[in-house]
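Working notes for the structure below.
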Amino acid sequence: MVRTFVAIDLPEEIRERARESQEILRPSGGRLAIVDPANLHITVKFLGGVDPARIEPIVEALRAVRAYPFDMTVRYAVCNPPRRPRVVWCDVADAGESAALTRQVDDLLAPLGFPRESRPFRPHVTLARVKEFHPSQCSQVERTPREPLGRFRVESIKLKKSTLTPRGSIYEDLAEVPL
């Protein structure tokens, strides 16, 4: 089985600014699993373990996406949820295009047996996962820059493979579909 997901990749300059915020998070108490900056992305849909024979039909379904390129702004780091966070992430803002894109991906993959997401889509970039909470984590998050990490144009989505290792996930692009 191939662990897969559909994602929007981030440009290098936003990844670099995110890395700077991640470095500010490192000295906090508790335990954080910092996401490798090379792996930072916006998840459109997590597919889970997929039989390799189903990859091409998934790619074909994704090629039917009908969307125009759009702009997104990656905001600054916040704790989610704020009182006892499970993740530190950056909210992402657009004019609703990513939510529409996600609904379309859901609709195209449902006939292939992938259930539609029941929760509303909230685009975000995960900077760190909280493994052991400590109140200092949120105060460290407040020390990160409070301006957006950047704005970029979304021109494609990618089907990605995720291989879990003891040192973190390794991502590989399986296909890129232009918008």
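Letters A, B, ... mark the chains of the structure tokens in the order given; residue numbers begin at 1 per chain; ligand numbers begin at 1, in order shown.
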Just the residues within 10 Å of Val177 (chain A), please, counting only C-alpha atoms, with nothing from its chain fewer than 2 positions along; format it as a PyMOL selection string. chain A and resi 59-60+62-65+155-159+175+179
Using the selection just defined, write its residues with N, CA, C and O atoms as an mmCIF file, in the first residue's frame.
data_model
loop_
_atom_site.group_PDB
_atom_site.id
_atom_site.type_symbol
_atom_site.label_atom_id
_atom_site.label_comp_id
_atom_site.auth_asym_id
_atom_site.auth_seq_id
_atom_site.Cartn_x
_atom_site.Cartn_y
_atom_site.Cartn_z
ATOM 1 N N VAL A 59 -4.847 9.751 -10.435
ATOM 2 C CA VAL A 59 -4.248 10.837 -11.226
ATOM 3 C C VAL A 59 -5.205 11.258 -12.335
ATOM 4 O O VAL A 59 -5.412 12.462 -12.578
ATOM 5 N N GLU A 60 -5.820 10.291 -13.022
ATOM 6 C CA GLU A 60 -6.776 10.613 -14.087
ATOM 7 C C GLU A 60 -7.953 11.409 -13.535
ATOM 8 O O GLU A 60 -8.408 12.374 -14.163
ATOM 9 N N LEU A 62 -7.913 13.365 -10.901
ATOM 10 C CA LEU A 62 -7.425 14.701 -10.559
ATOM 11 C C LEU A 62 -7.236 15.572 -11.802
ATOM 12 O O LEU A 62 -7.390 16.794 -11.738
ATOM 13 N N ARG A 63 -6.936 14.955 -12.928
ATOM 14 C CA ARG A 63 -6.778 15.731 -14.172
ATOM 15 C C ARG A 63 -8.095 16.364 -14.623
ATOM 16 O O ARG A 63 -8.096 17.259 -15.462
ATOM 17 N N ALA A 64 -9.207 15.909 -14.058
ATOM 18 C CA ALA A 64 -10.517 16.479 -14.400
ATOM 19 C C ALA A 64 -10.843 17.725 -13.568
ATOM 20 O O ALA A 64 -11.899 18.324 -13.760
ATOM 21 N N VAL A 65 -9.945 18.106 -12.652
ATOM 22 C CA VAL A 65 -10.167 19.321 -11.860
ATOM 23 C C VAL A 65 -10.267 20.509 -12.808
ATOM 24 O O VAL A 65 -9.447 20.667 -13.707
ATOM 25 N N GLU A 155 -0.813 27.180 -8.748
ATOM 26 C CA GLU A 155 -0.973 26.863 -10.167
ATOM 27 C C GLU A 155 -1.133 25.374 -10.431
ATOM 28 O O GLU A 155 -1.377 24.970 -11.565
ATOM 29 N N SER A 156 -0.998 24.567 -9.351
ATOM 30 C CA SER A 156 -1.134 23.117 -9.529
ATOM 31 C C SER A 156 -1.410 22.464 -8.181
ATOM 32 O O SER A 156 -1.237 23.075 -7.127
ATOM 33 N N ILE A 157 -1.841 21.216 -8.259
ATOM 34 C CA ILE A 157 -1.933 20.347 -7.078
ATOM 35 C C ILE A 157 -1.074 19.130 -7.367
ATOM 36 O O ILE A 157 -0.780 18.832 -8.528
ATOM 37 N N LYS A 158 -0.668 18.457 -6.294
ATOM 38 C CA LYS A 158 0.182 17.287 -6.463
ATOM 39 C C LYS A 158 -0.382 16.097 -5.701
ATOM 40 O O LYS A 158 -0.925 16.251 -4.607
ATOM 41 N N LEU A 159 -0.237 14.923 -6.298
ATOM 42 C CA LEU A 159 -0.475 13.676 -5.581
ATOM 43 C C LEU A 159 0.878 13.278 -5.025
ATOM 44 O O LEU A 159 1.859 13.184 -5.767
ATOM 45 N N ALA A 175 2.516 12.772 -8.962
ATOM 46 C CA ALA A 175 1.962 13.447 -10.141
ATOM 47 C C ALA A 175 1.691 14.906 -9.800
ATOM 48 O O ALA A 175 1.406 15.241 -8.645
ATOM 49 N N LEU A 179 -3.602 23.678 -12.724
ATOM 50 C CA LEU A 179 -4.949 24.239 -12.626
ATOM 51 C C LEU A 179 -5.234 25.047 -13.883
ATOM 52 O O LEU A 179 -4.373 25.456 -14.597
#
Could you please write out, as a PDB file with N, CA and C atoms, in the first residue's frame, every residue of region 48-137 of chain A that DSSP assigns to strand (DSSP E)?
ATOM      1  N   GLY A  48      -4.712   8.162   2.448  1.00  0.00           N
ATOM      2  CA  GLY A  48      -4.309   7.006   3.231  1.00  0.00           C
ATOM      3  C   GLY A  48      -3.621   5.963   2.369  1.00  0.00           C
ATOM      4  N   GLY A  49      -3.645   4.712   2.838  1.00  0.00           N
ATOM      5  CA  GLY A  49      -3.001   3.620   2.117  1.00  0.00           C
ATOM      6  C   GLY A  49      -3.784   3.243   0.868  1.00  0.00           C
ATOM      7  N   VAL A  50      -3.107   3.280  -0.270  1.00  0.00           N
ATOM      8  CA  VAL A  50      -3.743   3.032  -1.564  1.00  0.00           C
ATOM      9  C   VAL A  50      -2.979   1.936  -2.289  1.00  0.00           C
ATOM     10  N   PHE A  70      -4.916  30.621  -8.463  1.00  0.00           N
ATOM     11  CA  PHE A  70      -5.393  31.618  -7.500  1.00  0.00           C
ATOM     12  C   PHE A  70      -4.287  31.947  -6.510  1.00  0.00           C
ATOM     13  N   ASP A  71      -4.460  33.057  -5.794  1.00  0.00           N
ATOM     14  CA  ASP A  71      -3.480  33.517  -4.823  1.00  0.00           C
ATOM     15  C   ASP A  71      -3.857  33.072  -3.418  1.00  0.00           C
ATOM     16  N   MET A  72      -2.833  32.732  -2.633  1.00  0.00           N
ATOM     17  CA  MET A  72      -2.996  32.358  -1.222  1.00  0.00           C
ATOM     18  C   MET A  72      -2.000  33.151  -0.405  1.00  0.00           C
ATOM     19  N   THR A  73      -2.389  33.458   0.820  1.00  0.00           N
ATOM     20  CA  THR A  73      -1.496  34.096   1.781  1.00  0.00           C
ATOM     21  C   THR A  73      -1.322  33.163   2.963  1.00  0.00           C
ATOM     22  N   VAL A  74      -0.075  32.833   3.267  1.00  0.00           N
ATOM     23  CA  VAL A  74       0.236  32.016   4.440  1.00  0.00           C
ATOM     24  C   VAL A  74       0.468  32.986   5.591  1.00  0.00           C
ATOM     25  N   ARG A  75      -0.375  32.882   6.605  1.00  0.00           N
ATOM     26  CA  ARG A  75      -0.286  33.792   7.739  1.00  0.00           C
ATOM     27  C   ARG A  75       0.785  33.318   8.713  1.00  0.00           C
ATOM     28  N   TYR A  76       0.755  33.822   9.933  1.00  0.00           N
ATOM     29  CA  TYR A  76       1.784  33.516  10.933  1.00  0.00           C
ATOM     30  C   TYR A  76       1.383  32.339  11.828  1.00  0.00           C
ATOM     31  N   ALA A  77       2.330  31.881  12.640  1.00  0.00           N
ATOM     32  CA  ALA A  77       2.146  30.704  13.497  1.00  0.00           C
ATOM     33  C   ALA A  77       1.153  30.972  14.617  1.00  0.00           C
ATOM     34  N   VAL A  78       0.284  29.980  14.866  1.00  0.00           N
ATOM     35  CA  VAL A  78      -0.671  30.005  15.979  1.00  0.00           C
ATOM     36  C   VAL A  78      -0.769  28.598  16.564  1.00  0.00           C
ATOM     37  N   CYS A  79      -1.211  28.535  17.815  1.00  0.00           N
ATOM     38  CA  CYS A  79      -1.469  27.244  18.464  1.00  0.00           C
ATOM     39  C   CYS A  79      -2.885  26.807  18.116  1.00  0.00           C
ATOM     40  N   ASN A  80      -3.067  25.538  17.824  1.00  0.00           N
ATOM     41  CA  ASN A  80      -4.401  25.011  17.533  1.00  0.00           C
ATOM     42  C   ASN A  80      -4.614  23.682  18.243  1.00  0.00           C
ATOM     43  N   VAL A  87      -1.285  21.048  17.536  1.00  0.00           N
ATOM     44  CA  VAL A  87      -0.392  21.453  16.451  1.00  0.00           C
ATOM     45  C   VAL A  87      -0.102  22.943  16.539  1.00  0.00           C
ATOM     46  N   VAL A  88       1.002  23.327  15.922  1.00  0.00           N
ATOM     47  CA  VAL A  88       1.302  24.733  15.676  1.00  0.00           C
ATOM     48  C   VAL A  88       1.234  24.865  14.166  1.00  0.00           C
ATOM     49  N   TRP A  89       0.376  25.776  13.699  1.00  0.00           N
ATOM     50  CA  TRP A  89       0.207  25.915  12.265  1.00  0.00           C
ATOM     51  C   TRP A  89       0.067  27.361  11.863  1.00  0.00           C
ATOM     52  N   CYS A  90       0.125  27.589  10.566  1.00  0.00           N
ATOM     53  CA  CYS A  90      -0.144  28.901   9.978  1.00  0.00           C
ATOM     54  C   CYS A  90      -1.447  28.776   9.207  1.00  0.00           C
ATOM     55  N   ASP A  91      -2.421  29.615   9.562  1.00  0.00           N
ATOM     56  CA  ASP A  91      -3.639  29.681   8.765  1.00  0.00           C
ATOM     57  C   ASP A  91      -3.286  30.173   7.374  1.00  0.00           C
ATOM     58  N   VAL A  92      -4.133  29.841   6.424  1.00  0.00           N
ATOM     59  CA  VAL A  92      -3.935  30.263   5.045  1.00  0.00           C
ATOM     60  C   VAL A  92      -5.205  30.974   4.585  1.00  0.00           C
ATOM     61  N   ALA A  93      -5.040  32.095   3.914  1.00  0.00           N
ATOM     62  CA  ALA A  93      -6.181  32.869   3.439  1.00  0.00           C
ATOM     63  C   ALA A  93      -6.211  32.926   1.922  1.00  0.00           C
ATOM     64  N   HIS A 124      -4.295  25.214   5.997  1.00  0.00           N
ATOM     65  CA  HIS A 124      -3.249  25.570   6.958  1.00  0.00           C
ATOM     66  C   HIS A 124      -1.948  24.867   6.584  1.00  0.00           C
ATOM     67  N   VAL A 125      -0.867  25.366   7.162  1.00  0.00           N
ATOM     68  CA  VAL A 125       0.456  24.753   7.003  1.00  0.00           C
ATOM     69  C   VAL A 125       0.903  24.340   8.396  1.00  0.00           C
ATOM     70  N   THR A 126       1.075  23.047   8.639  1.00  0.00           N
ATOM     71  CA  THR A 126       1.515  22.543   9.942  1.00  0.00           C
ATOM     72  C   THR A 126       3.016  22.749  10.083  1.00  0.00           C
ATOM     73  N   LEU A 127       3.401  23.522  11.123  1.00  0.00           N
ATOM     74  CA  LEU A 127       4.818  23.755  11.411  1.00  0.00           C
ATOM     75  C   LEU A 127       5.369  22.721  12.379  1.00  0.00           C
ATOM     76  N   ALA A 128       4.529  22.309  13.350  1.00  0.00           N
ATOM     77  CA  ALA A 128       4.973  21.353  14.380  1.00  0.00           C
ATOM     78  C   ALA A 128       3.758  20.648  14.967  1.00  0.00           C
ATOM     79  N   ARG A 129       3.993  19.415  15.415  1.00  0.00           N
ATOM     80  CA  ARG A 129       2.970  18.661  16.146  1.00  0.00           C
ATOM     81  C   ARG A 129       3.391  18.610  17.611  1.00  0.00           C
ATOM     82  N   VAL A 130       2.426  18.819  18.481  1.00  0.00           N
ATOM     83  CA  VAL A 130       2.711  18.809  19.918  1.00  0.00           C
ATOM     84  C   VAL A 130       2.666  17.357  20.398  1.00  0.00           C
ATOM     85  N   LYS A 131       3.812  16.859  20.826  1.00  0.00           N
ATOM     86  CA  LYS A 131       3.905  15.487  21.346  1.00  0.00           C
ATOM     87  C   LYS A 131       3.703  15.471  22.854  1.00  0.00           C
ATOM     88  N   GLU A 132       4.187  16.512  23.517  1.00  0.00           N
ATOM     89  CA  GLU A 132       4.018  16.667  24.968  1.00  0.00           C
ATOM     90  C   GLU A 132       3.822  18.156  25.226  1.00  0.00           C
TER      91      GLU A 132
END
Select from region 25-59 of chain A every residue with an atom at most 6 Å from any atom of region 3-20 of chain A, then for each give the shortest pair of atoms and their distance in Å to one decimal, using only C-alpha atoms, rows by chain and rising number, as a Markdown table.
| residue | atom | partner | partner_atom | distance |
| --- | --- | --- | --- | --- |
| A:Pro37 | CA | A:Arg15 | CA | 5.7 |
| A:His41 | CA | A:Asp9 | CA | 4.8 |
| A:Ile42 | CA | A:Ile8 | CA | 5.1 |
| A:Thr43 | CA | A:Ala7 | CA | 4.5 |
| A:Val44 | CA | A:Ala7 | CA | 5.0 |
| A:Lys45 | CA | A:Val6 | CA | 5.1 |
| A:Phe46 | CA | A:Phe5 | CA | 4.2 |
| A:Leu47 | CA | A:Phe5 | CA | 5.1 |
| A:Gly48 | CA | A:Arg3 | CA | 4.9 |
| A:Gly49 | CA | A:Arg3 | CA | 4.2 |
Shell of 9 Å around region 137-145 of chain A, only C-alpha atoms, local chain residues under 2 positions omitted, as a ChimeraX atom specification: /A:20-22,24-32,76-79,82-85,88,130,133-135,147-149
May I have the residues from that selection written out with N, CA and C atoms, as a PDB file, in the first residue's frame?
ATOM      1  N   GLU A  20      12.304  29.833   9.842  1.00  0.00           N
ATOM      2  CA  GLU A  20      12.707  30.830  10.839  1.00  0.00           C
ATOM      3  C   GLU A  20      11.755  30.812  12.030  1.00  0.00           C
ATOM      4  N   SER A  21      10.463  30.703  11.778  1.00  0.00           N
ATOM      5  CA  SER A  21       9.484  30.594  12.875  1.00  0.00           C
ATOM      6  C   SER A  21       9.684  29.293  13.648  1.00  0.00           C
ATOM      7  N   GLN A  22       9.964  28.209  12.942  1.00  0.00           N
ATOM      8  CA  GLN A  22      10.183  26.923  13.612  1.00  0.00           C
ATOM      9  C   GLN A  22      11.371  26.992  14.562  1.00  0.00           C
ATOM     10  N   ILE A  24      12.334  29.490  16.302  1.00  0.00           N
ATOM     11  CA  ILE A  24      11.892  30.191  17.505  1.00  0.00           C
ATOM     12  C   ILE A  24      11.128  29.236  18.421  1.00  0.00           C
ATOM     13  N   LEU A  25      10.452  28.253  17.851  1.00  0.00           N
ATOM     14  CA  LEU A  25       9.666  27.279  18.630  1.00  0.00           C
ATOM     15  C   LEU A  25      10.541  26.261  19.360  1.00  0.00           C
ATOM     16  N   ARG A  26      11.703  25.946  18.830  1.00  0.00           N
ATOM     17  CA  ARG A  26      12.534  24.855  19.364  1.00  0.00           C
ATOM     18  C   ARG A  26      12.825  24.930  20.860  1.00  0.00           C
ATOM     19  N   PRO A  27      13.143  26.103  21.438  1.00  0.00           N
ATOM     20  CA  PRO A  27      13.508  26.113  22.864  1.00  0.00           C
ATOM     21  C   PRO A  27      12.329  25.977  23.835  1.00  0.00           C
ATOM     22  N   SER A  28      11.112  25.881  23.347  1.00  0.00           N
ATOM     23  CA  SER A  28       9.977  25.786  24.267  1.00  0.00           C
ATOM     24  C   SER A  28      10.020  24.473  25.044  1.00  0.00           C
ATOM     25  N   GLY A  29       9.329  24.460  26.186  1.00  0.00           N
ATOM     26  CA  GLY A  29       9.246  23.242  26.996  1.00  0.00           C
ATOM     27  C   GLY A  29       8.365  22.212  26.314  1.00  0.00           C
ATOM     28  N   GLY A  30       8.176  21.080  26.975  1.00  0.00           N
ATOM     29  CA  GLY A  30       7.390  20.008  26.362  1.00  0.00           C
ATOM     30  C   GLY A  30       8.160  19.371  25.237  1.00  0.00           C
ATOM     31  N   ARG A  31       7.427  18.830  24.281  1.00  0.00           N
ATOM     32  CA  ARG A  31       8.083  18.173  23.150  1.00  0.00           C
ATOM     33  C   ARG A  31       7.300  18.468  21.884  1.00  0.00           C
ATOM     34  N   LEU A  32       7.997  19.024  20.902  1.00  0.00           N
ATOM     35  CA  LEU A  32       7.406  19.311  19.604  1.00  0.00           C
ATOM     36  C   LEU A  32       8.088  18.470  18.531  1.00  0.00           C
ATOM     37  N   TYR A  76       0.755  33.822   9.933  1.00  0.00           N
ATOM     38  CA  TYR A  76       1.784  33.516  10.933  1.00  0.00           C
ATOM     39  C   TYR A  76       1.383  32.339  11.828  1.00  0.00           C
ATOM     40  N   ALA A  77       2.330  31.881  12.640  1.00  0.00           N
ATOM     41  CA  ALA A  77       2.146  30.704  13.497  1.00  0.00           C
ATOM     42  C   ALA A  77       1.153  30.972  14.617  1.00  0.00           C
ATOM     43  N   VAL A  78       0.284  29.980  14.866  1.00  0.00           N
ATOM     44  CA  VAL A  78      -0.671  30.005  15.979  1.00  0.00           C
ATOM     45  C   VAL A  78      -0.769  28.598  16.564  1.00  0.00           C
ATOM     46  N   CYS A  79      -1.211  28.535  17.815  1.00  0.00           N
ATOM     47  CA  CYS A  79      -1.469  27.244  18.464  1.00  0.00           C
ATOM     48  C   CYS A  79      -2.885  26.807  18.116  1.00  0.00           C
ATOM     49  N   PRO A  82      -6.117  26.798  20.762  1.00  0.00           N
ATOM     50  CA  PRO A  82      -5.297  27.747  21.521  1.00  0.00           C
ATOM     51  C   PRO A  82      -4.976  27.347  22.964  1.00  0.00           C
ATOM     52  N   ARG A  83      -5.889  26.692  23.670  1.00  0.00           N
ATOM     53  CA  ARG A  83      -5.662  26.412  25.102  1.00  0.00           C
ATOM     54  C   ARG A  83      -4.739  25.226  25.350  1.00  0.00           C
ATOM     55  N   ARG A  84      -4.918  24.192  24.611  1.00  0.00           N
ATOM     56  CA  ARG A  84      -4.081  22.996  24.761  1.00  0.00           C
ATOM     57  C   ARG A  84      -3.812  22.450  23.358  1.00  0.00           C
ATOM     58  N   PRO A  85      -2.838  23.046  22.671  1.00  0.00           N
ATOM     59  CA  PRO A  85      -2.646  22.745  21.251  1.00  0.00           C
ATOM     60  C   PRO A  85      -2.165  21.320  20.983  1.00  0.00           C
ATOM     61  N   VAL A  88       1.002  23.327  15.922  1.00  0.00           N
ATOM     62  CA  VAL A  88       1.302  24.733  15.676  1.00  0.00           C
ATOM     63  C   VAL A  88       1.234  24.865  14.166  1.00  0.00           C
ATOM     64  N   VAL A 130       2.426  18.819  18.481  1.00  0.00           N
ATOM     65  CA  VAL A 130       2.711  18.809  19.918  1.00  0.00           C
ATOM     66  C   VAL A 130       2.666  17.357  20.398  1.00  0.00           C
ATOM     67  N   PHE A 133       2.642  18.503  25.720  1.00  0.00           N
ATOM     68  CA  PHE A 133       2.301  19.922  25.895  1.00  0.00           C
ATOM     69  C   PHE A 133       3.018  20.543  27.090  1.00  0.00           C
ATOM     70  N   HIS A 134       3.431  21.793  26.896  1.00  0.00           N
ATOM     71  CA  HIS A 134       3.963  22.630  27.973  1.00  0.00           C
ATOM     72  C   HIS A 134       3.482  24.042  27.682  1.00  0.00           C
ATOM     73  N   PRO A 135       3.021  24.788  28.707  1.00  0.00           N
ATOM     74  CA  PRO A 135       2.494  26.142  28.463  1.00  0.00           C
ATOM     75  C   PRO A 135       3.467  27.078  27.731  1.00  0.00           C
ATOM     76  N   GLU A 147       3.652  38.835  11.161  1.00  0.00           N
ATOM     77  CA  GLU A 147       3.208  39.198   9.812  1.00  0.00           C
ATOM     78  C   GLU A 147       3.138  37.925   8.962  1.00  0.00           C
ATOM     79  N   PRO A 148       2.353  37.955   7.879  1.00  0.00           N
ATOM     80  CA  PRO A 148       2.243  36.763   7.026  1.00  0.00           C
ATOM     81  C   PRO A 148       3.602  36.291   6.512  1.00  0.00           C
ATOM     82  N   LEU A 149       3.708  34.980   6.350  1.00  0.00           N
ATOM     83  CA  LEU A 149       4.940  34.402   5.803  1.00  0.00           C
ATOM     84  C   LEU A 149       5.075  34.692   4.314  1.00  0.00           C
TER      85      LEU A 149
END
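Picture a line from CA of Arg66 (chain A) to CA of Met1 (chain A); it runs 28.6 Å.
Proximity of A:Arg153, A:Ala61, A:Ala67, A:Pro81 to Asp107 (chain A), computed with only C-alpha atoms, is greatest for A:Ala61.
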Top pick for closest residue to Pro69 (chain A), considering A:Val154, A:Ser98, A:Gly168, A:Asp173 and counting only C-alpha atoms: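 Answer, going by the shortest atom-to-atom distance: A:Val154.
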Pick from A:Arg167, A:Pro123, A:Glu117, A:Pro111 nearest to Glu97 (chain A), counting only C-alpha atoms: A:Pro123
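Between CA of Ala53 (chain A) and CA of Thr163 (chain A) there is a distance of 17.5 Å.
Minimum atom-to-atom distance to Ile170 (chain A), evaluated using only C-alpha atoms, belongs to A:Ala38 out of A:Ala38, A:Arg151, A:Pro120, A:Pro57.
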